[in-house]
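Report on one structure; see the data block that follows.
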Amino acid sequence: MNDIRRTILWVIFGFSLVMLWDQWQVYNGRNPTFFPGSKPAVVQPQGPTGAASVPGSVPNSVPAASSNVAGADQIAGAVPTVAAPATVAAAARELVLVETDVYKLTFDTEGGSLVKAEMLKHADMADKNSNFILFDDSKDRVYLAQSGLIAGAGGPALPTHKSVMTLAPGERSLKEGSQNLELRFESAEVGGFQLIKTYTLTRGSYVVAVKHEVVNVGSTTLAPQLYLQLVRDGNKPPGESSFYFTFTGPAVYTDAQKYQKVEFSDIEKGKVDIEKSADNGYVAMVQHYFTSAWLLGDGIKRELFMRKVDNNLYSVGMIAPLESIAPGARQTIATTLYAGPQEEKVLEALSPGLELVKDYGWLTMLSKPLYWLLDKLHSLIGNWGWSIMALVLLLKIAFYWLNAKAYASMAKMKAVNPRIMEMRERLKDNPQQMQQEMMRIYREEKVNPMGGCFPIMVQIPVFIALYWVLLASVEMRNAPWLGWIHDLSSPDPFYILPIVMTLTTVLQTSLNPAPPDPMQAKMMWFMPLAFSVMFFFFPAGLVLYWITNNVLSIAQQWVINTRMGVPPKFHLPKF
């Protein structure tokens with residue numbers, strides 16, 4: 001009776017895992033894996049361009065602010081009335097293509113906004129012959145970097161990201177021998193003010209310096225406010241696997257509240273709980289492997305916001321009040337726009353806390369030193385695949401004695417297993433006496449049935465942290481290992497590594513002592529095999545790491561069993 005109950009519980013447990021996994025997929029906006037239903041309709045942004053499809057993205061994306069910053073209602077009244085002078089209205093709107101050694105960027109003269117960023121050093125995951133595109137402005141995707149001016153309560157309309165600007169003559173590509181490339185956008189006079197944006201691109205860098213010059217060409221003293229924002233649709237990046245539990249959405253960082261990320265669904269529901277005011281930090285849009293961020297210098301007051309902009313568009317940004325500017329005077333504000341891969345060392349050097357956009361989850365304290373060690377190994381070995389294997393080897397050495405205790409306990413269990421099996425057969429009609437006799441045998445042989453579990457449990461957080469390191473590190477992207485593995489961040493195209501991983505899992509499971517109960521012995525195989533199936537969809541680098549761990553564990557277990565006089569024996573299930 002007890003065996004039947006345990007079997008039923010195992011079946012319920014396994015089915016519950018399947019249901020939880022399926023609902024987790026739905027919760028994260030993906031299609032169900034096991035019980036697919038009707039596919040929800042995706043609301044596409046209206047209009048072919050982001051500028052046209054984000055009318056008033058500032059008024060709709062700024063929360064009510066403190067007294068020194070215009071509120072949402074005030075701004076909503078300001079931007080729609082931004083009517084450019086006749087000369088500006090007649091000016092042709094233009095898309096400007098600029099190229100450096102790492103970028104191919106497209107700017108829109110409407111607002112001088114960055115509307116497309118093509119990464120020349122990173123291939124697209126779906127089409128290896130194409131470059132990866134971060135910012136985009138098309139009918140399928142919207143992801144933009146915008147900035148502009150707003151006035152205080154009752155103030156005039158000022159140049160915004162909707163104001164057509166003029167691009168000053170100059171180079172459009174970074175020439176050999178040049179380190180920098182500058183683009184200067186100048187707005188016409190709006191509300192007595194002119195906005196001049198100067199983008200400075202640097203060779204080999206994804207850091208863009210953006211200088212905002214605010215010129216008072218009118219006759220009234222005014223203290224305008226500068227806004228910086230990132231606008232994007234709420235969809236996952238194209239080609240993102242449903243097996244990657246990665247975050248896509250806005251984030252802010254301040255010294256007081258540290259890193260705060262918010263799901264698009266929470267913005268939709270009005271559940272945005274972030275620090276609204278600070279004089280440090282950044283705002284960012286985060287996705288797997290890449291990020292964009294606006295940065296202001298420390299000490300500059302700013303209001304932070306996250307809001308829904310349009311049908312399926314969301315924004316994150318900041319508003320910085322400027323000092324009063326008298327007629328004929330000007331004020332310059334230096335800002336920084338980062339748009340590129342989540343390279344940890346680059347992000348750390350750029351701004352405090354910016355490296356946190358590389359999301360390791362709740363095991364960051366363990367993941368960061370593991371990444372540091374992996375990076376050091378790569379600097380010595382030169383190949384990320386072999387570096388992964390070397391890191392797992394070092395971890396197995398570090399945990400050798402814990403593993404030795406676990407495998408020694410398993411070996412003792414295997415040694416007494418014949419006595420247990422004989423006793424179970426003899427007392428199969430008396431379950432209570434069977435349990436008492438089993439405990440007596442364990443006491444006599446000094447065997448702890450749980451002795452093999454605790455040492456392994458201690459190591460689990462470390463290996464989960466390593467999992468997140470490999471999943472989050474952009475260095476794995478398009479990184480080859482050997483032979484057919486040309487990209488450690490993509491699944492094995494021929495499923496060779498997942499098959500090898502499954503075989504090593506079966507071998508490792510068969511080396512463990514079989515539970516006395518035949519049904520439990522069969523169920524013991526359910527979880528490892530189900531777990532192995534998931535690895536067919538995992539990146540090759542993660543599968544390689546798990547194979548290495550399995551092989552080293554099998555070797556250590558084999559050696560320890562032999563030393564203890566318990567010959568290694570395979571316990572295959574009898575289905």
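The chains in the structure tokens are called A, B, ... from first to last as shown; in each chain the residues are counted from 1, and the ligands are counted from 1 in the order shown.
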Item to check | range 67-218 of chain A: residues DSSP assigns to alpha helix (DSSP H), reported as a list in words | outcome: Ala72, Asp73, Gln74, Ile75, Ala76, Gly77, Ala78, Ala86, Thr87, Val88, Ala89 and Ala90 of chain A
Please produce a file of the residues just selected, as a tab-separated table (two decimals), in the first residue's frame, where the atoms kept are C-alpha atoms.
chain	number	residue	atom	x	y	z
A	72	ALA	CA	2.57	64.82	-17.03
A	73	ASP	CA	-0.49	66.99	-17.69
A	74	GLN	CA	1.66	70.07	-18.21
A	75	ILE	CA	3.91	68.24	-20.65
A	76	ALA	CA	0.95	66.71	-22.43
A	77	GLY	CA	-0.19	70.23	-23.14
A	78	ALA	CA	3.22	71.28	-24.32
A	86	ALA	CA	6.92	77.48	-41.54
A	87	THR	CA	10.54	77.07	-42.57
A	88	VAL	CA	10.87	73.94	-40.46
A	89	ALA	CA	7.54	72.52	-41.60
A	90	ALA	CA	8.74	72.84	-45.18
Item to check | Polymer residues at most 10 Å from Lys116 in chain A, only C-alpha atoms, same-chain spacing of 2 or more positions, as an NGL selection string | outcome: :A and (95 or 97 or 103-108 or 113-114 or 118-119 or 133-138 or 142-145)
Checklist entry - Between CA of Trp384 in chain A and CA of Glu344 in chain A, what is the distance, to one decimal in Å? => result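 Distance between the two atoms: 15.8 Å.
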Item to check | strand (DSSP E or B) positions in range 306-363 of chain A, given as an MDAnalysis selection string | outcome: chainID A and resid 306:308 313:321 325 330:341
If you keep C-alpha atoms, can you produce a file of those selected residues as a compact mmCIF listing (two decimals), in the first residue's frame?
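Output contents, as saved in result_31.txt:
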# COMPACT_ATOMS: atom_id res chain seq x y z
CA MET A 306 8.40 54.39 -16.83
CA ARG A 307 5.13 54.53 -18.74
CA LYS A 308 3.13 52.93 -21.49
CA LEU A 313 5.08 50.75 -26.80
CA TYR A 314 6.74 51.54 -23.49
CA SER A 315 9.26 54.13 -22.39
CA VAL A 316 11.79 54.63 -19.64
CA GLY A 317 13.61 57.88 -19.12
CA MET A 318 14.61 60.82 -16.99
CA ILE A 319 13.88 64.56 -16.85
CA ALA A 320 16.60 66.96 -15.69
CA PRO A 321 15.69 70.57 -14.78
CA ILE A 325 18.80 80.70 -19.21
CA ARG A 330 23.20 79.07 -23.56
CA GLN A 331 23.65 76.02 -21.37
CA THR A 332 25.39 72.74 -22.24
CA ILE A 333 24.51 69.35 -20.72
CA ALA A 334 26.76 66.35 -21.34
CA THR A 335 24.92 63.03 -21.54
CA THR A 336 25.95 59.53 -22.58
CA LEU A 337 24.06 56.94 -24.59
CA TYR A 338 25.21 53.34 -24.47
CA ALA A 339 23.82 50.93 -27.05
CA GLY A 340 25.61 47.64 -27.34
CA PRO A 341 26.50 44.25 -25.89
Using only C-alpha atoms, tabulate the residues of range 381-445 of chain A lying at most 9 Å from any atom of range 468-483 of chain A, each with its closest atom pair and that distance in Å to one decimal, by chain and increasing residue number, as CSV.
residue,atom,partner,partner_atom,distance
A:Asn383,CA,A:Trp481,CA,6.6
A:Trp384,CA,A:Trp481,CA,6.8
A:Gly385,CA,A:Trp481,CA,4.8
A:Trp386,CA,A:Trp481,CA,7.2
A:Ile388,CA,A:Leu470,CA,8.5
Next on the checklist: Using only C-alpha atoms for the distances, tell me which of A:Ser163, A:Gln557, A:Gln146, A:Asn311 is nearest to Ala188 in chain A.
Outcome noted: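 Ranked by minimum distance to Ala188 in chain A, first place goes to A:Ser163.
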Item to check | Test item: residues at most 10 Å from Pro238 in chain A, only C-alpha atoms, excluding those fewer than 6 positions along its chain, as an MDAnalysis selection string | outcome: chainID A and resid 124:126 141
Output N, CA and C atoms for every residue in the selection just made, as a compact mmCIF listing (two decimals), in the first residue's frame.
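The result, written out as part01.txt:
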# COMPACT_ATOMS: atom_id res chain seq x y z
N ASP A 124 23.37 38.28 -36.46
CA ASP A 124 22.00 37.99 -36.03
C ASP A 124 21.88 36.50 -35.74
N MET A 125 21.14 36.15 -34.69
CA MET A 125 21.02 34.75 -34.30
C MET A 125 20.23 33.94 -35.33
N ALA A 126 19.22 34.55 -35.94
CA ALA A 126 18.39 33.83 -36.91
C ALA A 126 19.08 33.73 -38.27
N ARG A 141 9.08 46.23 -35.56
CA ARG A 141 9.76 46.53 -34.31
C ARG A 141 9.96 48.02 -34.15
Next on the checklist: So the first atom is CA of Ser187 in chain A and the second is CA of Gly111 in chain A; what is the distance between them in Å, to one decimal place?
Outcome noted: 7.9 Å
Next on the checklist: Please determine, counting only C-alpha atoms, which residue among A:Val115, A:Val286, A:Ala555, A:Lys236 has the shortest atom-to-atom distance to Ala404 in chain A.
Outcome noted: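 Among the listed residues, A:Ala555 lies closest to Ala404 in chain A.
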